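Take a look at the structure set out below.
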Amino acid sequence: MWINPGRNPALAIGASNSPFQPAGMQAARDRFTRFAPLLGQLFPELTASGGRIESPLLPAPAMQEALGLPADQGRLWVKADHSLPVAGSVKARGGFHEVLEVTERLALANDLLPSDADYRSLCGPHARALFAHHQIAVGSTGNLGMAIGVLAAALGFRAVVHMSTDAKEWKKQRLRQRGVEVVEHPGDYELAVASGRKLAQADPLCHFVDDERSLSLFMGYSAAALHLQSQLQAQGVTVDAQHPLIVYLPCGVGGAPAGIAWGLHQLFGKNVHCFFAEPVQSPCFLVHMLAPEGSSPSVYDYGLTNKTEADGLAVPRASQLAAAVMRPLLAGVFTMEDQTLFDHLALLLGTQGLRIEPSAAAGFSGPGHLRDSALACPNANHVVWTTGGLLVPDTQYQVFLQRSAYPSNQVAPVQSTT
């Protein structure tokens, strides 16, 4: 674990010269609210929630005991973004937000949304005819592509996802089944994004969702902080200097965890401590934070392979946008071996009955690193953000369990999600 010696939230929270303002976080939440009726109509799995895409905050006492985190070190919670409907991952937040922002902009520009309009009208023939002329594209190792592709296609856009060889085959197949064009590129995530960006620049009717540079993605992720705040209040959880909130976020290129962490700092200031979790062979955010400000190092520069079973975290170079925002805010970064991901994945199933993918297990190593630190506190609340897993096929999930060091009789049976 690396602890950030330059952490100084006061330098970044609400800075007037920053493009990131609390009003943007609220605007993202308002956009989700406006589109909720439309999303509920497009996706049957959102009918019960009225089109809201949110995840529960779950106490995890059995997992806390299994991880060896004693009660005098605080309380463990799981922010269960692995269960987010439709997209099945945290990428539903930022990814959906940017698609909805593009949709709203096009609809307003073409007089499809008069004042007080019902957004469900955007399912109509005039809107779909307009969207069919436009393309929404993204470069992804999997989960962001799932979020962007599925929603864009459902709205009637030409949806294209540029994927690297790191992406899982089942994710590619699922996208194609939803009418999304999948373009495969040799190499890693960084090369897939660069290729997709270049192709998009040649098409004036293409909007490229740039995971490394997008303010819209960032604000979509940040809106999660507002909902977490209300969930903590509902659970009677206080956040202050005597009751710190410690949040562990799996990190790939950095956009999702940075957006969430920034949003949490707007609400809780110096009383929230956010740690990013990365595989030992793909610690792109760690190497960026250790490098001189203004540089943009790659994990390859340090002889690392960028090979990991946590495909969503297999990124060689961090987003400069996310890194710049996080430099004064981030509490630290820790890394873990792939084997630990499989072990914690199985342990979470056995203790709490929660089913996640390897990338989403990254945060569970965090509390152990802090046992003897200054953040060790009986009143702390440790929140592990699980970022994906709902859509993993049963056969693939069984492979994950077989990779775990825990015997099969120590984990709960797999419940089908098909």
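Chain labels A, B, ... are given in the sequence in which chains occur in the structure tokens; within each chain residues are numbered consecutively from 1, and ligands are likewise numbered from 1 in the order shown.
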Open item on the list: Let's see if you can do this: from backbone DSSP, list all strand (DSSP E or B) residues in region 93-316 of chain A, as a ChimeraX atom specification.
Closed with: /A:135-140,158-163,181-184,206-209,240,243,245-250,272-279
Those same residues - C-alpha atoms - I'd like them written as a tab-separated table (two decimals), in the first residue's frame.
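Full text of out.tsv as output:
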chain	number	residue	atom	x	y	z
A	135	GLN	CA	-23.22	6.70	-33.99
A	136	ILE	CA	-22.08	6.37	-30.39
A	137	ALA	CA	-18.73	4.62	-30.04
A	138	VAL	CA	-16.40	3.72	-27.18
A	139	GLY	CA	-13.14	1.88	-26.54
A	140	SER	CA	-13.34	-0.67	-23.73
A	158	ARG	CA	-25.61	2.96	-34.26
A	159	ALA	CA	-23.60	1.55	-31.36
A	160	VAL	CA	-19.95	0.54	-31.83
A	161	VAL	CA	-17.60	-0.82	-29.18
A	162	HIS	CA	-13.87	-1.05	-29.90
A	163	MET	CA	-12.48	-3.86	-27.73
A	181	GLU	CA	-21.14	-3.70	-33.49
A	182	VAL	CA	-17.98	-5.02	-31.83
A	183	VAL	CA	-14.67	-4.10	-33.45
A	184	GLU	CA	-11.73	-6.11	-32.11
A	206	CYS	CA	-20.15	9.90	-34.34
A	207	HIS	CA	-19.88	10.71	-30.66
A	208	PHE	CA	-16.89	8.95	-29.09
A	209	VAL	CA	-17.15	8.28	-25.36
A	240	ASP	CA	-17.16	13.03	10.79
A	243	HIS	CA	-16.40	8.40	12.43
A	245	LEU	CA	-15.64	6.86	6.00
A	246	ILE	CA	-13.03	4.69	4.26
A	247	VAL	CA	-13.87	3.68	0.70
A	248	TYR	CA	-12.06	1.08	-1.44
A	249	LEU	CA	-12.51	1.39	-5.22
A	250	PRO	CA	-11.18	-0.94	-7.96
A	272	VAL	CA	-13.73	10.45	3.72
A	273	HIS	CA	-10.61	8.53	2.73
A	274	CYS	CA	-10.63	6.90	-0.73
A	275	PHE	CA	-8.20	4.16	-1.72
A	276	PHE	CA	-7.79	2.75	-5.23
A	277	ALA	CA	-7.18	-0.99	-5.73
A	278	GLU	CA	-5.10	-2.30	-8.65
A	279	PRO	CA	-3.57	-5.62	-9.79
Task: Backbone DSSP call of alpha helix (DSSP H) for region 131-371 of chain A, listed as a PyMOL selection string - done: chain A and resi 131+143-155+169-177+189-201+215-222+224-234+255-268+284-290+320-326+338-352+366-369
- [ ] Can you pull out every residue within 12 Å of Gly124 (chain A), counting only C-alpha atoms, but drop anything in the same chain fewer than 2 positions away, and send it as a VMD selection string?
- [x] chain A and resid 38 41 to 42 107 112 to 113 118 to 122 126 to 131 155 to 156
Please save C-alpha atoms of the selected residues as a PDB file, in the first residue's frame.
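The resulting file, out.pdb, is shown below:
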ATOM      1  CA  LEU A  38     -37.846   6.246 -20.513  1.00  0.00           C
ATOM      2  CA  GLN A  41     -39.926   1.586 -20.652  1.00  0.00           C
ATOM      3  CA  LEU A  42     -36.805   0.419 -22.508  1.00  0.00           C
ATOM      4  CA  ALA A 107     -33.482  15.808 -28.923  1.00  0.00           C
ATOM      5  CA  LEU A 112     -38.191  16.642 -29.850  1.00  0.00           C
ATOM      6  CA  LEU A 113     -38.435  17.736 -26.228  1.00  0.00           C
ATOM      7  CA  ASP A 118     -42.495  13.158 -21.361  1.00  0.00           C
ATOM      8  CA  TYR A 119     -39.082  11.643 -22.073  1.00  0.00           C
ATOM      9  CA  ARG A 120     -40.750   8.392 -23.042  1.00  0.00           C
ATOM     10  CA  SER A 121     -41.549  10.121 -26.331  1.00  0.00           C
ATOM     11  CA  LEU A 122     -37.909   9.490 -27.254  1.00  0.00           C
ATOM     12  CA  HIS A 126     -39.309  10.528 -35.005  1.00  0.00           C
ATOM     13  CA  ALA A 127     -36.666  10.254 -32.291  1.00  0.00           C
ATOM     14  CA  ARG A 128     -35.478   6.839 -33.405  1.00  0.00           C
ATOM     15  CA  ALA A 129     -35.193   8.033 -36.995  1.00  0.00           C
ATOM     16  CA  LEU A 130     -32.966  10.866 -35.807  1.00  0.00           C
ATOM     17  CA  PHE A 131     -30.794   8.673 -33.598  1.00  0.00           C
ATOM     18  CA  LEU A 155     -32.295   4.078 -28.026  1.00  0.00           C
ATOM     19  CA  GLY A 156     -31.740   3.439 -31.739  1.00  0.00           C
TER      20      GLY A 156
END
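When only C-alpha atoms are used to compute distances to Leu286 (chain A), the closest of the residues A:Thr335, A:Thr305, A:Thr47, A:Gln201 turns out to be A:Thr335.
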Go through region 182-248 of chain A residue by residue and, counting only C-alpha atoms, keep those with an atom at most 8 Å from region 319-325 of chain A; for each kept residue give the shortest atom pair and its distance in Å to one decimal, ordered by chain and increasing number, as a Markdown table.
| residue | atom | partner | partner_atom | distance |
| --- | --- | --- | --- | --- |
| A:Asp211 | CA | A:Ser319 | CA | 7.8 |
| A:Glu212 | CA | A:Ser319 | CA | 4.6 |
| A:Arg213 | CA | A:Leu321 | CA | 5.9 |
Could the residues in this selection be written to a file with C-alpha atoms, as a PDB file, in the first residue's frame?
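For reference, part36.pdb as written:
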ATOM      1  CA  ASP A 211     -12.947   7.068 -20.943  1.00  0.00           C
ATOM      2  CA  GLU A 212      -9.647   8.925 -20.518  1.00  0.00           C
ATOM      3  CA  ARG A 213     -10.959  12.463 -21.035  1.00  0.00           C
TER       4      ARG A 213
END
Task: Top pick for closest residue to Asp343 (chain A), considering A:Leu267, A:Leu391, A:Ala66, A:Leu205 and counting only C-alpha atoms - done: A:Ala66
Per-residue nearest contacts region 300-352 of chain A to region 78-90 of chain A, cut-off 12 Å, using only C-alpha atoms, as a Markdown table:
| residue | atom | partner | partner_atom | distance |
| --- | --- | --- | --- | --- |
| A:Gly312 | CA | A:Ser89 | CA | 10.4 |
| A:Leu345 | CA | A:His82 | CA | 11.8 |
| A:Leu348 | CA | A:Val78 | CA | 10.1 |
| A:Gln352 | CA | A:Val78 | CA | 9.9 |
Can you build me a table of region 255-320 of chain A residues sitting at most 10 Å from region 25-30 of chain A, with the closest atom pair per residue and its distance in Å to one decimal, using only C-alpha atoms, sorted by chain and residue number, as JSON lines?
{"residue": "A:Gly259", "atom": "CA", "partner": "A:Met25", "partner_atom": "CA", "distance": 9.4}
{"residue": "A:Trp262", "atom": "CA", "partner": "A:Met25", "partner_atom": "CA", "distance": 9.7}
{"residue": "A:Gly263", "atom": "CA", "partner": "A:Met25", "partner_atom": "CA", "distance": 7.2}
{"residue": "A:Gln266", "atom": "CA", "partner": "A:Met25", "partner_atom": "CA", "distance": 9.4}
TODO: Find the distance between CA of Thr351 (chain A) and CA of Arg52 (chain A) and write it in Å to one decimal.
DONE: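 CA of Thr351 (chain A) sits 28.3 Å away from CA of Arg52 (chain A).
Remark: for Ala258 (chain A), the closest of the candidate residues A:Ser222, A:Gln402, A:Ser296, A:Ser282 is A:Ser222 (distances computed over only C-alpha atoms).
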Task: All residues 12 Å or closer to region 190-192 of chain A, only C-alpha atoms, same chain fewer than 2 positions away omitted, as an MDAnalysis selection string - done: chainID A and resid 137:142 145 161:167 182:188 194:199 210:212 252:253 284 298:300 306 313:319
TODO: Grab the CA of Tyr302 (chain A) to CA of Ser365 (chain A) distance for me, in Å with one decimal place.
DONE: 23.1 Å
Open item on the list: Using Å and a single decimal, report how far CA of Arg34 (chain A) sits from CA of Ser115 (chain A).
Closed with: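 Answer for the CA of Ser115 (chain A) to CA of Arg34 (chain A) separation: 12.2 Å.
Nearest to Glu293 (chain A) of all the residues A:Leu175, A:Met326, A:Cys377, A:Ala10 is A:Met326, based on only C-alpha atoms.
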